[in-house]
Structure formats: structure tokens, C-alpha cells
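Everything below concerns the one structure shown next.
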Amino acid sequence: MTISIDPQKTNNESLQPKGWLRYFSFSLDHKVIGIQYLVCGFIFYLVGGTLASAIRIELASPMSDFMPRDVYNQVLTLHGTIMIFLWIVPVVNGAFGNYLIPFYVGARDMAFPRLNAVAFWLIPPSGLMLVASYFVEGAAQAGWTAYPPLSITTPHSGQIIWILSVLLLGGSSIFGGINFIATIIKLRRPGLKLMQLPMYCWAMLGTSLLVVLSTPVLAGTLILLSFDIIANTGFFNPVLGGNVVVYQHLFWFYSHPAVYIMVLPAFGLVSEILPVHARKPLFGYTTMVFSIMGIVVLGLVVWAHHMFTSGTPPWMRLFFTIATAFIAVPTGIKFFNWVATLWGGKISINSAMLFSCGFIINFVFGGITGVALAQVPFDIHVHDTYFVVAHFHYIVYGGTVFIIFSSIYHWFPKVTGKMLNEKLGILHFVITFIGFNLCFAPQHWLGLNGMPRRVAEYDPQFQFVNQISSLGALLMAISTIPFLINIFFSIRGGKDSGDNPWNALTPEWLTSSPPPVENWEGEAPLVEEPYGYGKQFSD
Amino acid sequence: MTTLDSSKEIQKNNSEVNENHDDFRMFGLITFLIADGMTFAGFFAAYLTYKAVNPLPDGAIYELELPIPTLNTVLLLVSSATFHKAGKALLKDKNINAQKWLFFTAFLGIIFLICQLFEYFHLPFGLTDNLFASTFYALTGFHGLHVTLGTLMILIIAWQTRIKGGRITSQNVFPFEAVELYWHFVDGIWVILFIILYLL
Amino acid sequence: MLIKKIYLIFTISLVFAISFWIGFNVNLLPAEASINAPIYDELFKILFIIGLIIFIGMTIAVIYSLFKFRKRNDQIGDGIALEGNLTLEIVWTIIPSIIVLLIGLYSYNIYDRMGGMKELNHNHEMMSSDTEKIWAGISQTSDNAISKNNLSIEVSAMQFAFLFNYPKGNFISGELHVPVDQKVSMKMESKDVIHAFWVPEFRIKQDIIPGQPTILNFTPTKVGKYPIICAELCGPYHGGMRASIIVEEESDYNDWFNKNKKSEVNL
């Protein structure tokens, strides 16, 4: 039997909402779904950012004086949970993945458009439920890691709502992963080989493999945790014979690959952006593919480096040290390849390029602290301190969020047909870069010298450095203003972009901006060299 | 003849340059079952770790009898075979035979669930009695939910295989094959569960 | 070409020089107060220097590219069509692999010197039975030269305090007192949720877990009062959960010990 994949024809055309209403409907169009993911994710980014601001205000003074202590723990729990499950994972996977992958494989839509819409629509209710939990009996307050016994002994309703929300969001992620694997492997246009695909496809393939293999383990773990909370079982409750360390192993089996689920798509996106604005091919395509696969395989066997001071025996700690350190090799290779992509190019210094270069600088920093943290004896001193907080914010914010902004500047013309204002973009970059580094660089020192994480009060000797950090956070908050002004103004009043303002070579640029429903008029173009810059002319 | 074959057949007959593509819903289902399998893998890993690290406290009861679970294993294996027979009948357009085999498969599934419940009620330990009791009920319960869902789906496709107005025919076998794969998956998980929980 | 090579060698040397200078002169760590601390700081310095070299090098490469290879207004063409360079890629795969391997081996050596590879069981005289298994902790250091017999202490952590039980003196104290240069062996367990024992000046940390005891051993080398910080989220007062460890001369310690000890109670 055949499957018709024209989204307009699968539903009754006359009943479909038009214009902006499409974005509030159960649309099956991957481009609409991609934007739904992006906007929904960005709203949750603002919510998570507000929670972060509350944290930094509390930490501007060494005493717990801004909010009640249990509320502070709820704030930090929701901050982490929202940023991971409602902002980064949905946006780098669901938003950019859904928008771009069909273009890149030469298809009109994803393999399973209805599953796609279901995966998106799981997100707003889960997110709302999570935020609403604060107003019921209080939100979960055991951190996004929800370690028992703390997660079993704190108020139940918030924790159960948290578990339910994360289960739904995990399910959404798995549905997305299934869709991406099927689309990339099975839906490629005739004549398009795997090694001709844009690098973002490889990144999404690797990411989706991780999603499908590791997210279900988190689901199982949280189901067991919920039994401990509501049915008085003792899986992770030592009083009833259980083992808290088993929870940690199961939790981190997912949550370590989760960080690659957050970062690999970003690696793919920057691989698309740099060649366009440097007018040079992506350096080392084959090695890039192998390094993605290397990261996927290694990423599944390093989880216990989050447990170096926990209930793990010495031989186990050593194994995970060595395995974790090796991930630095395929990752480092990618960074050398990106710098080599810039080298010898004709670089346009615009917002997209600046955010991508900021990504390289920030992520190298975060990666280095990561290699240090991978070493057991080093980690013993800094585990659960602000050193770790600084490390992962350099990766997720300085890394992935910078790429998200870079991608928005890069693809906004394609999606809307308008150009973003460059001056506002550069202002956004400068404030963000300065604010981000001012906020998180000092936190390395705080951790090394005795400030643990997840605290509302601390040794007064740390106050000055904490205030610098909070000032940086204020700048980060302010930086969203020029960005939002830019978006809102440019959607209507921006300069017309034309089909291909960047003269790029990948398939999404070989159609109108915005693209038609069926992605291209006529057949999908066969792009055998997505990075074929410099071949025709260079001066 | 598989779904893929029949879809290619129809495409050959379709003369216009079309945007249609092969049916890979089975590929999607297999990916989903891998994900589902990983949930069970997490449970098994937890159980095996507990066995290695957490001793049963003094006085705690955790004893399993073998007869009922062995019967259950046989029931599921036979039901996979009967499901297969239903498939062969369907491809020969013998829809009534296919329905009979499907109903028999669903019947075996129901017997499985009844036996499981019988075992539950006769076990000397409850859900919260000790760690191994909890893990036992969690694993077998989660599996039992899958059997329940599978049995319901078998009944649904049995209805859809009806001659008048039924959507499942020898030309449209995907729903049948999907439920069949799901059922074999459930069967396979049970075999692993039987070995790990009851035999080890 | 020669000029370019000279510039390159000069830049690389400068990066190395700056990194080494910062690594040896900028102190980011607190005071060293245990046998363990200088060992740790050795590792830190190496990681810091290597990290600086890589970070400064990559940053220079990026910023230099942005300047040297930026598109001038009158240029409309592309850059060079360079898709890869096998030699370069092999070199920058092998060198990082070697560096990572060496760092790993060096860390193993440091971990061993910290006592990380030592057998955990049978090393605490307060093991309740031969069958009680300890799964986690840091055992004694391999350098036993300056210590005498073990000072065994049982640590209880609860929301939100640490309690230190001195079995030889049959008393419980809220403050941890130890003689300087004395090897201390702690067996720790939590009464409720997961806590952790962290003394930054000693560079040691171990989670305190309910349901299974963990071991932490150390030898303090500097007299003073240092904070014991809980380093695992344990509830609303996690930030306020701290105690003090007082490292003192043996005579002062004995005074404190004798003042606190209780005689055996015959039951």
C-alpha cells in the first residue's frame, strides 16, 4: 500500500487553520511543528531563566534571606528540569530537527507526521503541569536528579507531578527519536547517499539512537521511584531494604547520554552554519561522522563519572575515569575540524558567525574542565560544588544555547522570509558573551575553594565573587531584550531576505523563503555536495 | 509476501510520478520495541544488582514456585505459534480461519493473565514485603500490562479481519503484522523474565 | 613560508609560556592541610597547564581566523575548497589520544597515592561483623610513615548535622578533633537521606549514605580549624549543614579527649 504524505491532503483541506492559527493547531506539517517546538521551548527558557534570576538574587547575599529555604530548593529543581526537558532537548532535537531533516533528506515531511504532532503536543501540558505543581503543595525539591531518599521524604505531590511530567516529556523525546531514525535511514531522496547528507543529519541520527536506547531506562527508574513514593515499596529506600546507589546508576545511565542528546544536535547545527558564513567546505566530513558515532558509543558507557564520591568501589571509579577521558578525543577532533573550516575562508562576521565562534571558545573551556572532572582524584574535591555547576553551564549555555541563537540568526530568513537586524544581533551577542562569562567563570573558583552546590547560604568570604556572578546573570537577562525586540520587529518589518540570502548550498536554501507546504515546487533537488564552497570561484 | 512486497506491487501499478514512498511503519515499530525493551532492561539490571548486592533480610520471605510460570511460558510460546498460523491463513485470504486462530491466541493470552493472577494471590509475599517481592511484582506486573494491551489489540485486529467491511485483508496486512511483532516481543521478554526471575 | 613558520613557533611558545606561568603562579586552591592535598594539587597544576595551553591556543586560532580570513567588502568569491587534510587529521587525533592516555595514567597514579586503590574491607576496627561489606570510600594512603595507629571515628550524618562518635572514649561530639599527623579512619553512615563529608583543605569527599556504611581516611598535616561541609543536597537546610574539624597538637587533643571521655558503663 502507499502512503500519501501531502499534509494538506491527509486532512480535509478546507478545515485546516491558516496563517498564524496553524501554530496553535494539531498540524502535521513538519515546518509548523518545528516552529511550535521552538516557540514553546523559548517560552520555557524564559521561565527557567526567571528561576535562575531568583537563584542569583538569593545568592547575592550569603544568608538565606530572599525566599523560604524549601522554596529555594523547588526553584533550583524546576530550573534544571525546565531547562533540560522543556528547552534544550525539545529545541535542538524537535525544533531544528523537525524543520530541517526533511529538507536535508529530500523529503516532503517526516516519516511519521502524526507521531510528530503527538510528540510536540505532549510538551505544553507536561510543562504547564510541572510549573503548576508549585502552586499545589509545592513543587519537587530534590534537585533535577531526584535522588532518593530525599525525593521520597520530601512532600509527595510535587515529586509525583515532577515524575509524571518527566515521563511524558521522555515519551515525547522517544517518539521524536523514532521519527528521526526512520526519516534519515528510510526517507532519503533517490540518489542521495548517506555520506552525502549534511552533517546535521548524522548528528540527529546519533542523538536519536541515544534517545531510543537510554530514555526508556529513565522511564523505568522513575516508575520505580514513584512506587516507592506512593506504594511504600523499597526499591531505593534503605529503611525497607532498598539501595539508593542503584537509583543513581539507573538515573545516570540515561542522564549522561542526555547531555549528548543536548549537545550532539548543536554540533550538527554549527557544522551547517560555519561553512556557509566562512564560504568553505566543512573540514573533514568523514572524521566528523565517525567522531559522532564514537561519541554515541562511548556516551553509553561512562555514566558513573557522576558518582565518583558515591557508593562506588574503587575499581569501578577507575574504569569510568578512563572511558570518560576518551570521549575528549572524538569531541576534540570536531573542534579542530571547525577551526579548520574557518581557516582560509571568506568569513562574514555576522550574528550567526559570532555566536558560533563564541560557542567554540566557550565549549573548549567547558570541555577542558570536563576532562579534568573525568579524573577520579580531581573530581573527589570538586564533586557537587560550584565547579561542576560552572562546567556544565559552559557546555549547555556557552555551548548549546549559543548555537541555538546562532541557528536562529541563520535560519530566521528561511522561516520568515525576512532578515533580522544585524546591529541588534551583534549587541545581543556582546552582552550575552560578557554576561555569560562574568556569571560562570568565577564559579570555578567558588567550587575549588569550598562552595557546594544547591545552597541558599554560604561562607561569607564568597560573597564578593557571588555578586560578580549575579551581575553576570543580570547581563544575561538583559541580553534577551535586544533579541526579542529584533524578532518581533523583523517578523513584519524586516528587510525581505529573498530565497537564499546567504548563498548557501544545502537543500533548504534551494526553495523560497518561507518554503511552500510541499517544501519545493517540483522535485526535491539532489544536492550531492552540501559543502561544495570554493569550487566555482574564489578570489 | 510482506508489507513491503505488496506496497511495491501497488506502486508499480501507479503510473503517475508520485510522491509516495515505501511503507516503513514496521521500521518505526521495531525502533519503538527496542525502546520498550530498554525499559525492561533497566528493570532487569536493577533486579540483578539487588541480587548481587542486597541480601534478603532475616525473616523475609521470597520463594517462587515453578509450575505456574512454566505453564505460562508454554502458553505464550504456543500463542506465538497460533498467531503465526493466523497470519498464514490471512495471506491465503482465509479470513475466517485467521479470525479463529486470532481468537484462540487471545484466549491463550487471557489464560496467561488468569494464571498470573492466580499465582499472585497464592504467593506468600506482597508488593511491599521486601525488596525482591517489590521487584518481582514490578517486573511481572509491567510485563502483564503489556500482555493485556497485546490481548486487546489481538481482539481488535480479529474484529478487523472480518470479511464484510474489515480493514485487514491479504492486501492490507500491516496492522496484523504490527500486532504480531508486538506479541512476539512480549513473548520474548517473558522468556528472559522467566529465566532471570524464576530460574536463576 | 619561513616567516609564517617563525610566527607559528613564536605563538606556540608564547602560549606554552603563558600557560606555565599562570599554572605555577596563580593559586586557585585553598590551603593544603592533609597528606592528600599536595598530591591533589600536583594533579591540578598539570591539568590546569594543559587546559590553558589548549584553551588559549584554540581561542587564538578562532580570533586570528576571524581577523585574517574575514571577507572584505569588495570580495564576492568563496574561500579555498579544502575538504580535509589526512596528515593533519591523523596528527590531531593521535596527539590528543596520547595526551588523554597520559593524563589518565597519571591520574591513576595520583589516585593510588591518595589511597584510592586500597582494599576497603577489614580496614576499620569498627566493622560490625566479618560479613558487613563496605562498597565505597577512600582507604588509607600508601604513605604510612608519619602516622601511628589508626584513630577510628564513627560519623553519623542526619538532617542537618554531623555527629562524631569516639568509641575509645565512649562519647559523641559535634566537633571533630584530631591530632596533627595522625591517620584518621572514619566509618560513616546516614540516618536519613544522602549527605556528604567534604573538607576542602584536605581535598577529600565521600557521600554518606543511608543503608550502607562508607569509609573515608585521611591524615591532617597542618594545625588549624577547617570547615566540614555537606556536599549532597539533603533538604532545605543543606546550605547550613556544616561542622568543624579541629586539627591540634597531640597534647591539646589529649586534653580535649580526656575532658570528654566517659568511663565504660556496665549494663
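Chain identifiers are assigned as A, B, and so on, following the order in which chains appear in the C-alpha cells; residues are numbered from 1 within each chain, and ligands are numbered from 1 in order of appearance.
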**Request:** Compute the set of chain B residues within 12 Å of chain C, using only C-alpha atoms, and express it as an MDAnalysis selection string.
**Result:** chainID B and resid 52:55
**Request:** At a cut-off of 8 Å, list the chain A residues touching chain B, using only C-alpha atoms, as a PyMOL selection string.
**Result:** chain A and resi 1-5+174-175+178-179+182+186-187+212-221+224+231-235+240-243+246+250
**Request:** Name all residues at most 9 Å from C:Ala31 (count only C-alpha atoms; drop same-chain ones fewer than 4 positions away) and give them as a list of chain:residue names.
**Result:** C:Ala37, C:Pro200, C:Glu201, C:Phe202
Can those selected residues be exported to a file as a JSON list (two decimals), in the first residue's frame so that it contains N, CA and C atoms?
[["chain", "number", "residue", "atom", "x", "y", "z"],
["C", 37, "ALA", "N", 46.56, 16.61, 50.17],
["C", 37, "ALA", "CA", 46.38, 17.88, 49.44],
["C", 37, "ALA", "C", 47.51, 18.18, 48.45],
["C", 200, "PRO", "N", 37.46, 20.97, 52.18],
["C", 200, "PRO", "CA", 38.21, 21.47, 51.03],
["C", 200, "PRO", "C", 39.72, 21.48, 51.25],
["C", 201, "GLU", "N", 40.15, 21.83, 52.46],
["C", 201, "GLU", "CA", 41.58, 21.92, 52.71],
["C", 201, "GLU", "C", 42.25, 20.56, 52.68],
["C", 202, "PHE", "N", 41.48, 19.48, 52.80],
["C", 202, "PHE", "CA", 42.04, 18.13, 52.75],
["C", 202, "PHE", "C", 41.90, 17.53, 51.35]]
**Asked** Nearest to C:Gly57 among A:Ile295, A:Ile361, A:Ile152, A:Val47, with distances taken over only C-alpha atoms: which residue is it?
**Response** A:Ile361
**Request:** Write out as JSON, numbers by chain all residues of stretch 93-316 of chain A that DSSP puts in helix (DSSP H, G or I) for this structure's backbone.
**Result:** {"A": [93, 94, 95, 96, 97, 98, 99, 100, 101, 102, 103, 104, 105, 113, 114, 115, 116, 117, 118, 119, 120, 121, 123, 124, 125, 126, 127, 128, 129, 130, 131, 132, 133, 134, 135, 150, 151, 152, 153, 156, 157, 158, 159, 160, 161, 162, 163, 164, 165, 166, 167, 168, 169, 170, 171, 172, 173, 174, 175, 176, 177, 178, 179, 180, 181, 182, 183, 184, 185, 186, 194, 195, 196, 199, 200, 201, 202, 203, 204, 205, 206, 207, 208, 209, 210, 211, 212, 213, 214, 215, 216, 217, 218, 219, 220, 221, 222, 223, 224, 225, 226, 227, 228, 229, 230, 238, 239, 240, 244, 245, 246, 247, 248, 249, 250, 251, 252, 253, 254, 255, 256, 257, 258, 259, 260, 261, 262, 263, 264, 265, 266, 267, 268, 269, 270, 271, 272, 273, 274, 275, 276, 277, 278, 285, 286, 287, 288, 289, 290, 291, 292, 293, 294, 295, 296, 297, 298, 299, 303, 304, 305, 306, 314, 315, 316]}
**Prompt:** Using only C-alpha atoms, which residues sit within 7 Å of stretch 99-109 of chain C once same-chain residues fewer than 4 positions away are excluded, as an MDAnalysis selection string?
**Reply:** (chainID A and resid 322 325:326 375 377) or (chainID C and resid 95 113)
What's the 8 Å shell around stretch 466-483 of chain A, counting only C-alpha atoms, without same-chain residues fewer than 4 positions away, as a CSV table (one decimal) with C-alpha atoms, in the first residue's frame?
chain,number,residue,atom,x,y,z
A,49,GLY,CA,15.7,32.0,33.2
A,53,SER,CA,17.4,35.0,38.2
A,56,ARG,CA,21.2,34.5,41.6
A,57,ILE,CA,19.3,37.1,43.6
A,59,LEU,CA,23.0,34.1,46.2
A,60,ALA,CA,23.9,37.8,46.1
A,61,SER,CA,24.0,37.6,49.9
A,424,LEU,CA,20.8,44.3,17.4
A,425,GLY,CA,22.2,40.8,16.8
A,427,LEU,CA,24.6,43.8,20.6
A,428,HIS,CA,22.8,40.6,21.7
A,429,PHE,CA,26.0,38.6,21.2
A,431,ILE,CA,26.0,41.3,26.1
A,432,THR,CA,25.4,37.6,26.2
A,434,ILE,CA,30.2,39.1,28.5
A,435,GLY,CA,27.3,38.3,30.9
A,436,PHE,CA,27.7,34.6,30.5
A,437,ASN,CA,31.4,34.5,31.2
A,438,LEU,CA,31.1,37.0,34.0
A,439,CYS,CA,28.4,34.8,35.6
A,440,PHE,CA,30.1,31.4,35.3
A,442,PRO,CA,34.1,32.9,38.8
A,443,GLN,CA,32.1,29.9,39.8
A,462,PHE,CA,32.5,34.1,49.0
A,487,ILE,CA,12.5,39.1,16.5
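We find atom CA of A:Thr341 and atom CA of C:Ile54 to be spaced 18.1 Å apart.
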Near A:Trp87, counting only C-alpha atoms, which residues have an atom at most 8 Å away, once you skip same-chain residues fewer than 6 positions from it, shown as an mmCIF file with N, CA and C atoms, in the first residue's frame?
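The file below, part-v2.cif, is the result:
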data_model
loop_
_atom_site.group_PDB
_atom_site.id
_atom_site.type_symbol
_atom_site.label_atom_id
_atom_site.label_comp_id
_atom_site.auth_asym_id
_atom_site.auth_seq_id
_atom_site.Cartn_x
_atom_site.Cartn_y
_atom_site.Cartn_z
ATOM 1 N N GLY A 41 9.512 26.039 23.373
ATOM 2 C CA GLY A 41 10.762 25.884 24.103
ATOM 3 C C GLY A 41 11.299 27.204 24.594
ATOM 4 N N PHE A 42 11.205 28.244 23.757
ATOM 5 C CA PHE A 42 11.746 29.531 24.160
ATOM 6 C C PHE A 42 10.968 30.121 25.325
ATOM 7 N N PHE A 44 9.573 28.407 27.668
ATOM 8 C CA PHE A 44 10.055 27.731 28.877
ATOM 9 C C PHE A 44 11.463 28.177 29.237
ATOM 10 N N TYR A 45 12.257 28.580 28.229
ATOM 11 C CA TYR A 45 13.579 29.147 28.515
ATOM 12 C C TYR A 45 13.429 30.399 29.360
#
**Message:** Can you pull out the residues contacting C:Arg72? Cut-off 12 Å, using only C-alpha atoms, and skip same-chain residues under 3 positions away; I want them as a count of residues only.
**Reply:** 15
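For the residues A:His79, A:His410, A:Lys423, A:Lys334, ranking by smallest atom-to-atom distance to chain C using only C-alpha atoms places A:Lys334 first.
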**Two-atom distance - atom CA of B:Thr70, atom CA of B:Val147 (Å)** =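 So the two atoms, atom CA of B:Thr70 and atom CA of B:Val147, lie 16.3 Å apart.
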**Asked** Separation of atom CA of B:Leu76 and atom CA of B:Asp187, in Å?
**Response**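 These two atoms are separated by 5.9 Å.
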